[in-house]
Amino acid sequence: MALNSIVEAIGGTPAIWLDRMVAARGLRGRILAKLDYLNPGFSKKDRAALGIISAAEADGSLRPGQTVVELTSGNMGTGLAIVCAIRGYPFVAVMSRGNSAERARMMAALGAEVVLVDQASGSLPGQVSGADLALVEDEARRITMERGAFRADQFHHSGNALSHAQTTAPELWADSDGELTAFVDFVGSGGTFGGVMEGLRRFQPDMRGYVVEPEGAAVLAGSDATCPSHPIQGGGYAMADLDFLMGVPVDGFIQVSGAEARETARALAREEGIFGGFSAGANVAAALRLLAGPEAGGRVAVMICDSGLKYLSTDLWE
């Protein structure tokens, strides 16, 4: 059946059991990979973008034709560019120059105005730190005030986590035939982890949840940020006070290096035919470790957060 707009194609993505990767490593259990890179904007952030805009329309905080502004690593910006184009809102994406160039070009192609912010002193291209994100936040705030815009505010707006509680979680439960024992996720805003865990625990109160962070930036686990720059774009910003994780029980914290995320993403492509990005590699790496440890024999769900196409200018596919 034909849809009325591309927005209606957001969500309902397929899920795949990564049995080949698990068997090749001699592990017990299964990993369920949710292919959210098959959303229209090639990432899971399409769900949050739609959730935030729909909630803001419903409560009147977003006026007809009002400009929308948001900071982004590229994925939320792409999702917002799509939703805003269909719903009739001008959109300004504010992004660090440290993110891959493909993302800015895609947002611009979808009608967004893209504002690129220089990285903090000492930062490396392709490695966006919390200091870089703070500069982007400052610019997003300035533009919002200057234009009287609506700030999508993915780190705080309830529509982010709610979208995952209402759509991603029940899809994962149905995809697994009600067999999931755990969910593991690389944290950016925390909306996916917080929302999915809230939703999954409605089905299974004993569902276990694990947070993934980069090595050297594991502040959620209580460590100091000794190396906040890393190649896993879209998260790991060394921010310890994420709203969407407040009050959400976490059963464990896993640190993944950029090299491990990179090699696992490449293995995911070779062994399972899934062309994901750095964060997908981090998620699968963490899930494999869980099957080798506390979740041996279990059923662990992960997100394939975005497409490898967004990283062709990085060293992910060299």
# chains A, B, ... in the order shown; residues from 1 in each chain; ligands from 1
>>> closest_atom_pairs(of="stretch 80-199 of chain A", to="stretch 68-73 of chain A", cutoff="7 Å", atoms="only C-alpha atoms", output="tab-separated table")
residue	atom	partner	partner_atom	distance
A:Tyr89	CA	A:Val68	CA	6.6
A:Pro90	CA	A:Val68	CA	6.2
A:Phe91	CA	A:Val68	CA	4.8
A:Val92	CA	A:Val69	CA	4.8
A:Ala93	CA	A:Glu70	CA	5.5
A:Val94	CA	A:Leu71	CA	4.6
A:Met95	CA	A:Thr72	CA	5.3
A:Asn99	CA	A:Ser73	CA	6.2
A:Val136	CA	A:Leu71	CA	6.3
A:Glu137	CA	A:Leu71	CA	6.3
A:Ala140	CA	A:Leu71	CA	6.0
A:Thr144	CA	A:Val69	CA	6.2
A:Ala149	CA	A:Val68	CA	5.6
A:Phe150	CA	A:Val68	CA	4.8
A:Arg151	CA	A:Val69	CA	5.0
A:Ala152	CA	A:Glu70	CA	5.5
A:Asp153	CA	A:Glu70	CA	6.2
>>> residues_around(residues="A:Ala15", least_positions_apart="5", cutoff="9 Å", atoms="only C-alpha atoms", output="PyMOL selection string")
chain A and resi 32-36+171-172+175-176
>>> write_last_selection(atoms="N, CA, C and O atoms", output="CSV table (one decimal), in the first residue's frame")
chain,number,residue,atom,x,y,z
A,32,LEU,N,20.1,-9.7,18.2
A,32,LEU,CA,19.1,-9.2,17.3
A,32,LEU,C,19.5,-7.8,16.9
A,32,LEU,O,19.6,-6.9,17.7
A,33,ALA,N,19.7,-7.5,15.6
A,33,ALA,CA,20.2,-6.2,15.1
A,33,ALA,C,19.0,-5.5,14.4
A,33,ALA,O,18.4,-6.0,13.4
A,34,LYS,N,18.6,-4.4,15.0
A,34,LYS,CA,17.5,-3.6,14.4
A,34,LYS,C,18.1,-2.7,13.4
A,34,LYS,O,18.9,-1.8,13.6
A,35,LEU,N,17.6,-2.9,12.1
A,35,LEU,CA,18.2,-2.2,11.0
A,35,LEU,C,17.7,-0.8,10.8
A,35,LEU,O,17.0,-0.5,9.8
A,36,ASP,N,17.9,0.1,11.7
A,36,ASP,CA,17.4,1.5,11.6
A,36,ASP,C,18.1,2.3,10.6
A,36,ASP,O,17.7,3.4,10.4
A,171,GLU,N,8.6,-2.9,18.7
A,171,GLU,CA,9.1,-3.6,17.5
A,171,GLU,C,10.1,-4.6,17.8
A,171,GLU,O,10.1,-5.8,17.3
A,172,LEU,N,11.1,-4.3,18.7
A,172,LEU,CA,12.1,-5.2,19.1
A,172,LEU,C,11.5,-6.4,19.8
A,172,LEU,O,11.9,-7.6,19.6
A,175,ASP,N,9.9,-8.5,17.1
A,175,ASP,CA,10.9,-9.0,16.3
A,175,ASP,C,11.5,-10.3,16.9
A,175,ASP,O,11.9,-11.2,16.2
A,176,SER,N,11.7,-10.3,18.2
A,176,SER,CA,12.3,-11.4,18.9
A,176,SER,C,11.4,-12.5,19.3
A,176,SER,O,11.8,-13.4,20.0
>>> residues_around(residues="A:Pro125", least_positions_apart="5", cutoff="9 Å", atoms="only C-alpha atoms", output="list in words")
Arg97, Gly98, Asn99, Ser100, Gln119 and Pro231 of chain A
>>> closest_residue(among="A:Ile254, A:Ala265, A:Ile10, A:Ile304", to="A:Ala286", atoms="only C-alpha atoms")
A:Ile254
>>> select_by_dssp(residues="stretch 51-92 of chain A", states="strand (DSSP E)", output="number ranges by chain")
A: 68-71, 91-92
>>> write_last_selection(atoms="all heavy atoms", output="CSV table (one decimal), in the first residue's frame")
chain,number,residue,atom,x,y,z
A,68,VAL,N,12.8,25.7,12.7
A,68,VAL,CA,13.3,24.7,13.6
A,68,VAL,C,14.8,24.8,13.6
A,68,VAL,O,15.5,24.8,12.5
A,68,VAL,CB,12.8,23.3,13.3
A,68,VAL,CG1,13.4,22.3,14.3
A,68,VAL,CG2,11.3,23.3,13.4
A,69,VAL,N,15.5,24.7,14.8
A,69,VAL,CA,16.9,24.7,14.9
A,69,VAL,C,17.4,23.6,15.8
A,69,VAL,O,16.7,23.3,16.8
A,69,VAL,CB,17.5,26.0,15.5
A,69,VAL,CG1,19.0,26.0,15.8
A,69,VAL,CG2,17.1,27.2,14.6
A,70,GLU,N,18.4,22.9,15.4
A,70,GLU,CA,19.0,21.8,16.3
A,70,GLU,C,20.5,21.6,16.0
A,70,GLU,O,20.9,21.7,14.8
A,70,GLU,CB,18.2,20.5,16.2
A,70,GLU,CG,18.6,19.4,17.1
A,70,GLU,CD,18.7,19.7,18.6
A,70,GLU,OE1,18.7,20.9,18.9
A,70,GLU,OE2,18.7,18.8,19.4
A,71,LEU,N,21.2,21.3,17.1
A,71,LEU,CA,22.6,20.8,16.9
A,71,LEU,C,22.5,19.3,16.5
A,71,LEU,O,21.5,18.6,16.8
A,71,LEU,CB,23.4,21.0,18.2
A,71,LEU,CG,23.0,20.2,19.5
A,71,LEU,CD1,23.3,18.7,19.5
A,71,LEU,CD2,23.6,20.9,20.7
A,91,PHE,N,14.3,24.6,8.4
A,91,PHE,CA,15.2,23.9,9.3
A,91,PHE,C,16.6,24.3,9.2
A,91,PHE,O,17.2,24.4,8.1
A,91,PHE,CB,15.1,22.4,9.2
A,91,PHE,CG,16.1,21.6,10.0
A,91,PHE,CD1,16.0,21.8,11.4
A,91,PHE,CD2,17.0,20.8,9.5
A,91,PHE,CE1,17.0,21.1,12.2
A,91,PHE,CE2,17.9,20.1,10.2
A,91,PHE,CZ,17.9,20.3,11.6
A,92,VAL,N,17.2,24.6,10.4
A,92,VAL,CA,18.7,25.0,10.4
A,92,VAL,C,19.4,23.9,11.2
A,92,VAL,O,19.1,23.7,12.4
A,92,VAL,CB,18.9,26.4,11.1
A,92,VAL,CG1,20.4,26.7,11.1
A,92,VAL,CG2,18.1,27.5,10.3
>>> atom_distance(atom1="atom CA of A:Arg289", atom2="atom CA of A:Arg262")
15.4 Å
>>> residues_around(residues="A:Glu263", least_positions_apart="6", cutoff="9 Å", atoms="only C-alpha atoms", output="ChimeraX atom specification")
/A:281,285,316
>>> write_last_selection(atoms="all heavy atoms", output="PDB file, in the first residue's frame")
ATOM      1  N   GLY A 281      29.069  -0.684  14.838  1.00  0.00           N
ATOM      2  CA  GLY A 281      30.195  -1.540  15.203  1.00  0.00           C
ATOM      3  C   GLY A 281      30.396  -1.601  16.697  1.00  0.00           C
ATOM      4  O   GLY A 281      30.653  -2.672  17.271  1.00  0.00           O
ATOM      5  N   ALA A 285      30.001  -5.005  18.864  1.00  0.00           N
ATOM      6  CA  ALA A 285      31.166  -5.415  19.651  1.00  0.00           C
ATOM      7  C   ALA A 285      30.777  -5.637  21.105  1.00  0.00           C
ATOM      8  O   ALA A 285      31.193  -6.618  21.744  1.00  0.00           O
ATOM      9  CB  ALA A 285      32.270  -4.365  19.545  1.00  0.00           C
ATOM     10  N   LEU A 316      36.870   4.523   8.251  1.00  0.00           N
ATOM     11  CA  LEU A 316      36.102   3.311   8.527  1.00  0.00           C
ATOM     12  C   LEU A 316      36.213   2.307   7.391  1.00  0.00           C
ATOM     13  O   LEU A 316      36.272   1.094   7.618  1.00  0.00           O
ATOM     14  CB  LEU A 316      34.626   3.662   8.781  1.00  0.00           C
ATOM     15  CG  LEU A 316      33.685   2.494   9.103  1.00  0.00           C
ATOM     16  CD1 LEU A 316      34.191   1.698  10.298  1.00  0.00           C
ATOM     17  CD2 LEU A 316      32.273   3.004   9.346  1.00  0.00           C
TER      18      LEU A 316
END
>>> residues_around(residues="A:Asp185", least_positions_apart="2", cutoff="10 Å", atoms="only C-alpha atoms", output="list of chain:residue names")
A:Phe183, A:Val187, A:Gly188, A:Gly190, A:Thr192, A:Phe193, A:Gly194, A:Val196, A:Gly209, A:Tyr210, A:Val211, A:Val212, A:Glu213, A:Phe253, A:Ile254, A:Ser279, A:Ala280, A:Ala282, A:Asn283, A:Val284, A:Ala286, A:Ala287, A:Ala301, A:Val302, A:Met303, A:Ile304, A:Cys305
>>> write_last_selection(atoms="C-alpha atoms", output="CSV table (one decimal), in the first residue's frame")
chain,number,residue,atom,x,y,z
A,183,PHE,CA,19.5,-4.4,25.2
A,187,VAL,CA,24.9,6.5,24.1
A,188,GLY,CA,24.6,9.9,22.5
A,190,GLY,CA,20.5,8.8,25.8
A,192,THR,CA,17.3,5.5,22.5
A,193,PHE,CA,18.6,3.7,25.6
A,194,GLY,CA,16.2,5.4,28.0
A,196,VAL,CA,13.8,1.5,24.6
A,209,GLY,CA,20.2,-2.8,29.9
A,210,TYR,CA,23.9,-2.0,29.1
A,211,VAL,CA,25.4,1.3,28.2
A,212,VAL,CA,28.2,1.5,25.7
A,213,GLU,CA,30.8,4.4,25.8
A,253,PHE,CA,28.8,-0.3,31.4
A,254,ILE,CA,30.9,-1.4,28.4
A,279,SER,CA,28.2,3.2,16.4
A,280,ALA,CA,26.8,0.0,14.9
A,282,ALA,CA,30.4,-0.4,18.8
A,283,ASN,CA,27.0,-1.9,19.6
A,284,VAL,CA,27.7,-5.3,18.0
A,286,ALA,CA,29.5,-4.8,23.0
A,287,ALA,CA,26.9,-7.5,22.4
A,301,ALA,CA,19.2,-6.5,21.0
A,302,VAL,CA,21.3,-3.8,19.4
A,303,MET,CA,20.6,-0.9,17.0
A,304,ILE,CA,22.3,-0.5,13.6
A,305,CYS,CA,22.1,3.2,14.2
>>> decode(residues="stretch 192-207 of chain A", atoms="all heavy atoms", output="PDB file, in the first residue's frame")
ATOM      1  N   THR A 192      17.607   6.879  22.988  1.00  0.00           N
ATOM      2  CA  THR A 192      17.330   5.506  22.543  1.00  0.00           C
ATOM      3  C   THR A 192      17.394   4.542  23.720  1.00  0.00           C
ATOM      4  O   THR A 192      16.464   3.751  23.935  1.00  0.00           O
ATOM      5  CB  THR A 192      18.330   5.071  21.458  1.00  0.00           C
ATOM      6  OG1 THR A 192      18.307   5.999  20.389  1.00  0.00           O
ATOM      7  CG2 THR A 192      17.956   3.694  20.921  1.00  0.00           C
ATOM      8  N   PHE A 193      18.475   4.606  24.494  1.00  0.00           N
ATOM      9  CA  PHE A 193      18.602   3.680  25.621  1.00  0.00           C
ATOM     10  C   PHE A 193      17.466   3.875  26.622  1.00  0.00           C
ATOM     11  O   PHE A 193      16.791   2.918  27.017  1.00  0.00           O
ATOM     12  CB  PHE A 193      19.948   3.852  26.318  1.00  0.00           C
ATOM     13  CG  PHE A 193      20.146   2.867  27.447  1.00  0.00           C
ATOM     14  CD1 PHE A 193      20.613   1.585  27.183  1.00  0.00           C
ATOM     15  CD2 PHE A 193      19.844   3.212  28.755  1.00  0.00           C
ATOM     16  CE1 PHE A 193      20.770   0.658  28.214  1.00  0.00           C
ATOM     17  CE2 PHE A 193      20.006   2.303  29.789  1.00  0.00           C
ATOM     18  CZ  PHE A 193      20.466   1.027  29.519  1.00  0.00           C
ATOM     19  N   GLY A 194      17.233   5.127  27.028  1.00  0.00           N
ATOM     20  CA  GLY A 194      16.194   5.383  28.014  1.00  0.00           C
ATOM     21  C   GLY A 194      14.815   4.984  27.530  1.00  0.00           C
ATOM     22  O   GLY A 194      14.035   4.353  28.261  1.00  0.00           O
ATOM     23  N   GLY A 195      14.493   5.336  26.291  1.00  0.00           N
ATOM     24  CA  GLY A 195      13.180   5.025  25.746  1.00  0.00           C
ATOM     25  C   GLY A 195      12.968   3.548  25.515  1.00  0.00           C
ATOM     26  O   GLY A 195      11.913   2.989  25.860  1.00  0.00           O
ATOM     27  N   VAL A 196      13.958   2.882  24.923  1.00  0.00           N
ATOM     28  CA  VAL A 196      13.827   1.453  24.646  1.00  0.00           C
ATOM     29  C   VAL A 196      13.719   0.658  25.948  1.00  0.00           C
ATOM     30  O   VAL A 196      12.894  -0.251  26.069  1.00  0.00           O
ATOM     31  CB  VAL A 196      15.008   0.945  23.796  1.00  0.00           C
ATOM     32  CG1 VAL A 196      15.032  -0.582  23.756  1.00  0.00           C
ATOM     33  CG2 VAL A 196      14.897   1.493  22.371  1.00  0.00           C
ATOM     34  N   MET A 197      14.535   1.009  26.936  1.00  0.00           N
ATOM     35  CA  MET A 197      14.475   0.266  28.191  1.00  0.00           C
ATOM     36  C   MET A 197      13.140   0.475  28.900  1.00  0.00           C
ATOM     37  O   MET A 197      12.575  -0.458  29.473  1.00  0.00           O
ATOM     38  CB  MET A 197      15.632   0.661  29.099  1.00  0.00           C
ATOM     39  CG  MET A 197      16.991   0.141  28.637  1.00  0.00           C
ATOM     40  SD  MET A 197      17.015  -1.654  28.320  1.00  0.00           S
ATOM     41  CE  MET A 197      16.569  -2.296  29.933  1.00  0.00           C
ATOM     42  N   GLU A 198      12.622   1.683  28.853  1.00  0.00           N
ATOM     43  CA  GLU A 198      11.297   1.920  29.434  1.00  0.00           C
ATOM     44  C   GLU A 198      10.252   1.049  28.750  1.00  0.00           C
ATOM     45  O   GLU A 198       9.416   0.411  29.402  1.00  0.00           O
ATOM     46  CB  GLU A 198      10.911   3.395  29.299  1.00  0.00           C
ATOM     47  CG  GLU A 198       9.509   3.701  29.824  1.00  0.00           C
ATOM     48  CD  GLU A 198       9.056   5.123  29.537  1.00  0.00           C
ATOM     49  OE1 GLU A 198       9.921   5.974  29.235  1.00  0.00           O
ATOM     50  OE2 GLU A 198       7.837   5.372  29.615  1.00  0.00           O
ATOM     51  N   GLY A 199      10.307   1.014  27.419  1.00  0.00           N
ATOM     52  CA  GLY A 199       9.336   0.227  26.668  1.00  0.00           C
ATOM     53  C   GLY A 199       9.498  -1.266  26.857  1.00  0.00           C
ATOM     54  O   GLY A 199       8.508  -1.993  27.047  1.00  0.00           O
ATOM     55  N   LEU A 200      10.738  -1.764  26.821  1.00  0.00           N
ATOM     56  CA  LEU A 200      10.956  -3.200  26.948  1.00  0.00           C
ATOM     57  C   LEU A 200      10.590  -3.711  28.338  1.00  0.00           C
ATOM     58  O   LEU A 200      10.113  -4.842  28.483  1.00  0.00           O
ATOM     59  CB  LEU A 200      12.413  -3.545  26.629  1.00  0.00           C
ATOM     60  CG  LEU A 200      12.822  -3.490  25.162  1.00  0.00           C
ATOM     61  CD1 LEU A 200      14.309  -3.802  25.002  1.00  0.00           C
ATOM     62  CD2 LEU A 200      11.991  -4.452  24.314  1.00  0.00           C
ATOM     63  N   ARG A 201      10.804  -2.883  29.347  1.00  0.00           N
ATOM     64  CA  ARG A 201      10.482  -3.338  30.707  1.00  0.00           C
ATOM     65  C   ARG A 201       8.978  -3.393  30.956  1.00  0.00           C
ATOM     66  O   ARG A 201       8.536  -3.984  31.943  1.00  0.00           O
ATOM     67  CB  ARG A 201      11.201  -2.453  31.724  1.00  0.00           C
ATOM     68  CG  ARG A 201      12.678  -2.855  31.848  1.00  0.00           C
ATOM     69  CD  ARG A 201      13.473  -2.037  32.823  1.00  0.00           C
ATOM     70  NE  ARG A 201      14.792  -2.641  33.015  1.00  0.00           N
ATOM     71  CZ  ARG A 201      15.911  -1.955  33.226  1.00  0.00           C
ATOM     72  NH1 ARG A 201      15.875  -0.643  33.260  1.00  0.00           N
ATOM     73  NH2 ARG A 201      17.059  -2.578  33.395  1.00  0.00           N
ATOM     74  N   ARG A 202       8.177  -2.811  30.064  1.00  0.00           N
ATOM     75  CA  ARG A 202       6.729  -3.007  30.140  1.00  0.00           C
ATOM     76  C   ARG A 202       6.369  -4.438  29.739  1.00  0.00           C
ATOM     77  O   ARG A 202       5.400  -5.005  30.239  1.00  0.00           O
ATOM     78  CB  ARG A 202       6.015  -2.020  29.218  1.00  0.00           C
ATOM     79  CG  ARG A 202       6.144  -0.562  29.631  1.00  0.00           C
ATOM     80  CD  ARG A 202       5.562   0.354  28.572  1.00  0.00           C
ATOM     81  NE  ARG A 202       5.820   1.761  28.862  1.00  0.00           N
ATOM     82  CZ  ARG A 202       5.666   2.741  27.978  1.00  0.00           C
ATOM     83  NH1 ARG A 202       5.235   2.465  26.749  1.00  0.00           N
ATOM     84  NH2 ARG A 202       5.920   3.991  28.319  1.00  0.00           N
ATOM     85  N   PHE A 203       7.159  -4.988  28.812  1.00  0.00           N
ATOM     86  CA  PHE A 203       6.934  -6.372  28.398  1.00  0.00           C
ATOM     87  C   PHE A 203       7.616  -7.360  29.338  1.00  0.00           C
ATOM     88  O   PHE A 203       7.065  -8.426  29.638  1.00  0.00           O
ATOM     89  CB  PHE A 203       7.464  -6.595  26.972  1.00  0.00           C
ATOM     90  CG  PHE A 203       6.771  -5.792  25.920  1.00  0.00           C
ATOM     91  CD1 PHE A 203       7.353  -4.641  25.403  1.00  0.00           C
ATOM     92  CD2 PHE A 203       5.524  -6.175  25.435  1.00  0.00           C
ATOM     93  CE1 PHE A 203       6.716  -3.897  24.422  1.00  0.00           C
ATOM     94  CE2 PHE A 203       4.883  -5.436  24.459  1.00  0.00           C
ATOM     95  CZ  PHE A 203       5.470  -4.299  23.947  1.00  0.00           C
ATOM     96  N   GLN A 204       8.838  -7.014  29.754  1.00  0.00           N
ATOM     97  CA  GLN A 204       9.639  -7.905  30.597  1.00  0.00           C
ATOM     98  C   GLN A 204      10.328  -7.059  31.674  1.00  0.00           C
ATOM     99  O   GLN A 204      11.352  -6.432  31.412  1.00  0.00           O
ATOM    100  CB  GLN A 204      10.667  -8.642  29.734  1.00  0.00           C
ATOM    101  CG  GLN A 204      11.682  -9.473  30.500  1.00  0.00           C
ATOM    102  CD  GLN A 204      11.044 -10.432  31.479  1.00  0.00           C
ATOM    103  OE1 GLN A 204      10.863 -10.101  32.652  1.00  0.00           O
ATOM    104  NE2 GLN A 204      10.686 -11.606  30.984  1.00  0.00           N
ATOM    105  N   PRO A 205       9.767  -7.041  32.889  1.00  0.00           N
ATOM    106  CA  PRO A 205      10.343  -6.200  33.952  1.00  0.00           C
ATOM    107  C   PRO A 205      11.793  -6.528  34.290  1.00  0.00           C
ATOM    108  O   PRO A 205      12.507  -5.665  34.820  1.00  0.00           O
ATOM    109  CB  PRO A 205       9.430  -6.492  35.155  1.00  0.00           C
ATOM    110  CG  PRO A 205       8.134  -6.934  34.543  1.00  0.00           C
ATOM    111  CD  PRO A 205       8.525  -7.693  33.310  1.00  0.00           C
ATOM    112  N   ASP A 206      12.241  -7.745  33.983  1.00  0.00           N
ATOM    113  CA  ASP A 206      13.615  -8.139  34.295  1.00  0.00           C
ATOM    114  C   ASP A 206      14.589  -7.873  33.145  1.00  0.00           C
ATOM    115  O   ASP A 206      15.730  -8.333  33.186  1.00  0.00           O
ATOM    116  CB  ASP A 206      13.671  -9.627  34.661  1.00  0.00           C
ATOM    117  CG  ASP A 206      12.917  -9.930  35.953  1.00  0.00           C
ATOM    118  OD1 ASP A 206      12.859  -9.032  36.820  1.00  0.00           O
ATOM    119  OD2 ASP A 206      12.375 -11.038  36.079  1.00  0.00           O
ATOM    120  N   MET A 207      14.132  -7.164  32.110  1.00  0.00           N
ATOM    121  CA  MET A 207      15.012  -6.855  30.980  1.00  0.00           C
ATOM    122  C   MET A 207      16.267  -6.129  31.462  1.00  0.00           C
ATOM    123  O   MET A 207      16.187  -5.176  32.243  1.00  0.00           O
ATOM    124  CB  MET A 207      14.279  -5.971  29.974  1.00  0.00           C
ATOM    125  CG  MET A 207      15.048  -5.676  28.695  1.00  0.00           C
ATOM    126  SD  MET A 207      15.240  -7.136  27.644  1.00  0.00           S
ATOM    127  CE  MET A 207      13.507  -7.571  27.356  1.00  0.00           C
TER     128      MET A 207
END
